[in-house]
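Novice: Would you mind keeping the following structure in view while I ask a few things?
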Amino acid sequence: HLYWLYKILYCLFVYEMRTLYALVCIVTAVAAVSYNDCDGGKVKELEIEGCSGNGRCQVVRGKMLDIVTTVTPDREVKGPLKAVIKAKIGWWYVTVKTVTNLCEKTPCPLVAHETAKLISQLSVPTYAPGTLKLKVVIEDGNGNDAFCLTSTIYA
């Protein structure tokens, strides 16, 4: 992964600069996480930095997660892109966070049939239950659903 190469090079750079940051240079785990694409195969991969486990996302309560969703749209998706993150409580999904600035880290608009990576963050609440079922819906600039996935994380 280019991500790992970036992390390692960053750590080496910091070390070479002989700053105090060299003492806290830690390569964090990035796990490909199991998910269900609820939108017809447009989501290609889900990676969450801060997960441990193979396919199963084990997280620590109170930690920030960096989420990278790899998608291939079947049509042009115009920004601004918004991620609506929902948690399943009982039988329903309830919105827990809305990320409105996905185009800051992803070139918009997304081109049809070209792979893109959508980057967002989510803080795991300290009161999160042991099993948390999430649904992430990416909306285009008109508020239409562009991508959708569900996944389970364990705290």
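Identifiers in the structure tokens: chain A, B, ... in order shown; residue index from 1 per chain; ligand index from 1 in order shown.
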Can you pull out the residues contacting Val77 of chain A? Cut-off 10 Å, using only C-alpha atoms, and skip same-chain residues under 5 positions away; I want them as a list in words.

Specialist: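 What passes the distance filter is Cys108, Pro109, Leu110, Val111, Ala112, Glu139, Asp140, Gly141, Asn142, Asn144, Asp145, Ala146 and Phe147 of chain A.
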
Novice: Can you list, as a PyMOL selection string, every protein, DNA or RNA residue that comes within 9 Å of Arg61 of chain A when you count only C-alpha atoms, leaving out same-chain residues fewer than 4 positions away?

Specialist: chain A and resi 123-128+155

Novice: Between A:Ile153, A:Val33, A:Pro73, A:Cys38, which one has atoms that come closest to His113 of chain A, using only C-alpha atoms?

Specialist: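 Nearest candidate to His113 of chain A out of A:Ile153, A:Val33, A:Pro73, A:Cys38: A:Pro73.
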
Novice: Using only C-alpha atoms, which of A:Thr95, A:Thr100, A:Ser120, A:Thr70 sits nearest Glu49 of chain A?

Specialist: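 Of A:Thr95, A:Thr100, A:Ser120, A:Thr70, the one nearest Glu49 of chain A is A:Ser120, counting only C-alpha atoms.
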
Novice: What does the distance from atom CA of Thr115 of chain A to atom CA of Asp66 of chain A come to in Å, to one decimal?

Specialist: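 Going from atom CA of Thr115 of chain A over to atom CA of Asp66 of chain A, I get 18.9 Å.
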
Novice: Given the choices A:Val137, A:Ala83, A:Val59, A:Ile67, which gets closest to Glu47 of chain A if the distance is worked out from only C-alpha atoms?

Specialist: A:Ile67

Novice: If I take atom CA of Lys44 of chain A and atom CA of Asp74 of chain A, how far is one from the other in Å, to one decimal?

Specialist: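 Between atom CA of Lys44 of chain A and atom CA of Asp74 of chain A the gap works out to 12.4 Å.
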
Novice: Skip Lys86 of chain A itself and residues of its chain fewer than 5 positions away, then list as a list in words all residues within 8 Å of it, counting only C-alpha atoms.

Specialist: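 My reading of the contact set: Tyr93, Val94, Thr95, Val96, Lys97, Leu134, Lys135 and Val136 of chain A.
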
Novice: Since we have the selection now, will you write its residues out, keeping all heavy atoms, as a PDB file, in the first residue's frame?

Specialist:
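For reference, again.pdb as written:
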```
ATOM      1  N   TYR A  93     -31.696   2.865  12.183  1.00  0.00           N
ATOM      2  CA  TYR A  93     -30.429   3.578  12.088  1.00  0.00           C
ATOM      3  C   TYR A  93     -30.662   5.036  12.449  1.00  0.00           C
ATOM      4  O   TYR A  93     -31.569   5.674  11.931  1.00  0.00           O
ATOM      5  CB  TYR A  93     -29.856   3.490  10.660  1.00  0.00           C
ATOM      6  CG  TYR A  93     -29.206   2.165  10.359  1.00  0.00           C
ATOM      7  CD1 TYR A  93     -29.870   1.177   9.656  1.00  0.00           C
ATOM      8  CD2 TYR A  93     -27.902   1.909  10.775  1.00  0.00           C
ATOM      9  CE1 TYR A  93     -29.268  -0.042   9.372  1.00  0.00           C
ATOM     10  CE2 TYR A  93     -27.287   0.693  10.497  1.00  0.00           C
ATOM     11  CZ  TYR A  93     -27.976  -0.272   9.803  1.00  0.00           C
ATOM     12  OH  TYR A  93     -27.369  -1.457   9.539  1.00  0.00           O
ATOM     13  N   VAL A  94     -29.825   5.552  13.345  1.00  0.00           N
ATOM     14  CA  VAL A  94     -29.923   6.927  13.820  1.00  0.00           C
ATOM     15  C   VAL A  94     -28.640   7.660  13.420  1.00  0.00           C
ATOM     16  O   VAL A  94     -27.537   7.139  13.618  1.00  0.00           O
ATOM     17  CB  VAL A  94     -30.095   6.963  15.356  1.00  0.00           C
ATOM     18  CG1 VAL A  94     -30.123   8.383  15.875  1.00  0.00           C
ATOM     19  CG2 VAL A  94     -31.348   6.204  15.767  1.00  0.00           C
ATOM     20  N   THR A  95     -28.760   8.849  12.845  1.00  0.00           N
ATOM     21  CA  THR A  95     -27.593   9.629  12.431  1.00  0.00           C
ATOM     22  C   THR A  95     -26.775  10.025  13.656  1.00  0.00           C
ATOM     23  O   THR A  95     -27.302  10.622  14.589  1.00  0.00           O
ATOM     24  CB  THR A  95     -28.022  10.880  11.650  1.00  0.00           C
ATOM     25  OG1 THR A  95     -28.762  10.476  10.495  1.00  0.00           O
ATOM     26  CG2 THR A  95     -26.811  11.703  11.214  1.00  0.00           C
ATOM     27  N   VAL A  96     -25.467   9.678  13.624  1.00  0.00           N
ATOM     28  CA  VAL A  96     -24.578  10.038  14.726  1.00  0.00           C
ATOM     29  C   VAL A  96     -23.559  11.098  14.313  1.00  0.00           C
ATOM     30  O   VAL A  96     -23.009  11.792  15.158  1.00  0.00           O
ATOM     31  CB  VAL A  96     -23.840   8.807  15.303  1.00  0.00           C
ATOM     32  CG1 VAL A  96     -24.818   7.876  15.981  1.00  0.00           C
ATOM     33  CG2 VAL A  96     -23.045   8.075  14.250  1.00  0.00           C
ATOM     34  N   LYS A  97     -23.310  11.217  13.014  1.00  0.00           N
ATOM     35  CA  LYS A  97     -22.373  12.237  12.548  1.00  0.00           C
ATOM     36  C   LYS A  97     -22.611  12.493  11.071  1.00  0.00           C
ATOM     37  O   LYS A  97     -22.920  11.593  10.310  1.00  0.00           O
ATOM     38  CB  LYS A  97     -20.937  11.781  12.762  1.00  0.00           C
ATOM     39  CG  LYS A  97     -19.927  12.853  12.346  1.00  0.00           C
ATOM     40  CD  LYS A  97     -18.519  12.511  12.755  1.00  0.00           C
ATOM     41  CE  LYS A  97     -17.609  13.652  12.375  1.00  0.00           C
ATOM     42  NZ  LYS A  97     -16.245  13.433  12.760  1.00  0.00           N
ATOM     43  N   LEU A 134     -22.829   0.095  11.776  1.00  0.00           N
ATOM     44  CA  LEU A 134     -22.819   1.399  11.136  1.00  0.00           C
ATOM     45  C   LEU A 134     -23.348   1.321   9.714  1.00  0.00           C
ATOM     46  O   LEU A 134     -23.152   0.321   9.024  1.00  0.00           O
ATOM     47  CB  LEU A 134     -21.396   1.966  11.092  1.00  0.00           C
ATOM     48  CG  LEU A 134     -20.713   2.239  12.418  1.00  0.00           C
ATOM     49  CD1 LEU A 134     -19.302   2.734  12.177  1.00  0.00           C
ATOM     50  CD2 LEU A 134     -21.496   3.244  13.227  1.00  0.00           C
ATOM     51  N   LYS A 135     -23.966   2.405   9.294  1.00  0.00           N
ATOM     52  CA  LYS A 135     -24.375   2.576   7.906  1.00  0.00           C
ATOM     53  C   LYS A 135     -23.826   3.921   7.464  1.00  0.00           C
ATOM     54  O   LYS A 135     -24.034   4.933   8.142  1.00  0.00           O
ATOM     55  CB  LYS A 135     -25.893   2.552   7.761  1.00  0.00           C
ATOM     56  CG  LYS A 135     -26.374   2.692   6.341  1.00  0.00           C
ATOM     57  CD  LYS A 135     -27.890   2.554   6.272  1.00  0.00           C
ATOM     58  CE  LYS A 135     -28.385   2.523   4.858  1.00  0.00           C
ATOM     59  NZ  LYS A 135     -29.843   2.325   4.800  1.00  0.00           N
ATOM     60  N   VAL A 136     -23.089   3.934   6.369  1.00  0.00           N
ATOM     61  CA  VAL A 136     -22.516   5.167   5.844  1.00  0.00           C
ATOM     62  C   VAL A 136     -23.140   5.432   4.481  1.00  0.00           C
ATOM     63  O   VAL A 136     -23.077   4.582   3.588  1.00  0.00           O
ATOM     64  CB  VAL A 136     -20.979   5.071   5.714  1.00  0.00           C
ATOM     65  CG1 VAL A 136     -20.405   6.367   5.167  1.00  0.00           C
ATOM     66  CG2 VAL A 136     -20.356   4.728   7.065  1.00  0.00           C
TER      67      VAL A 136
END
```
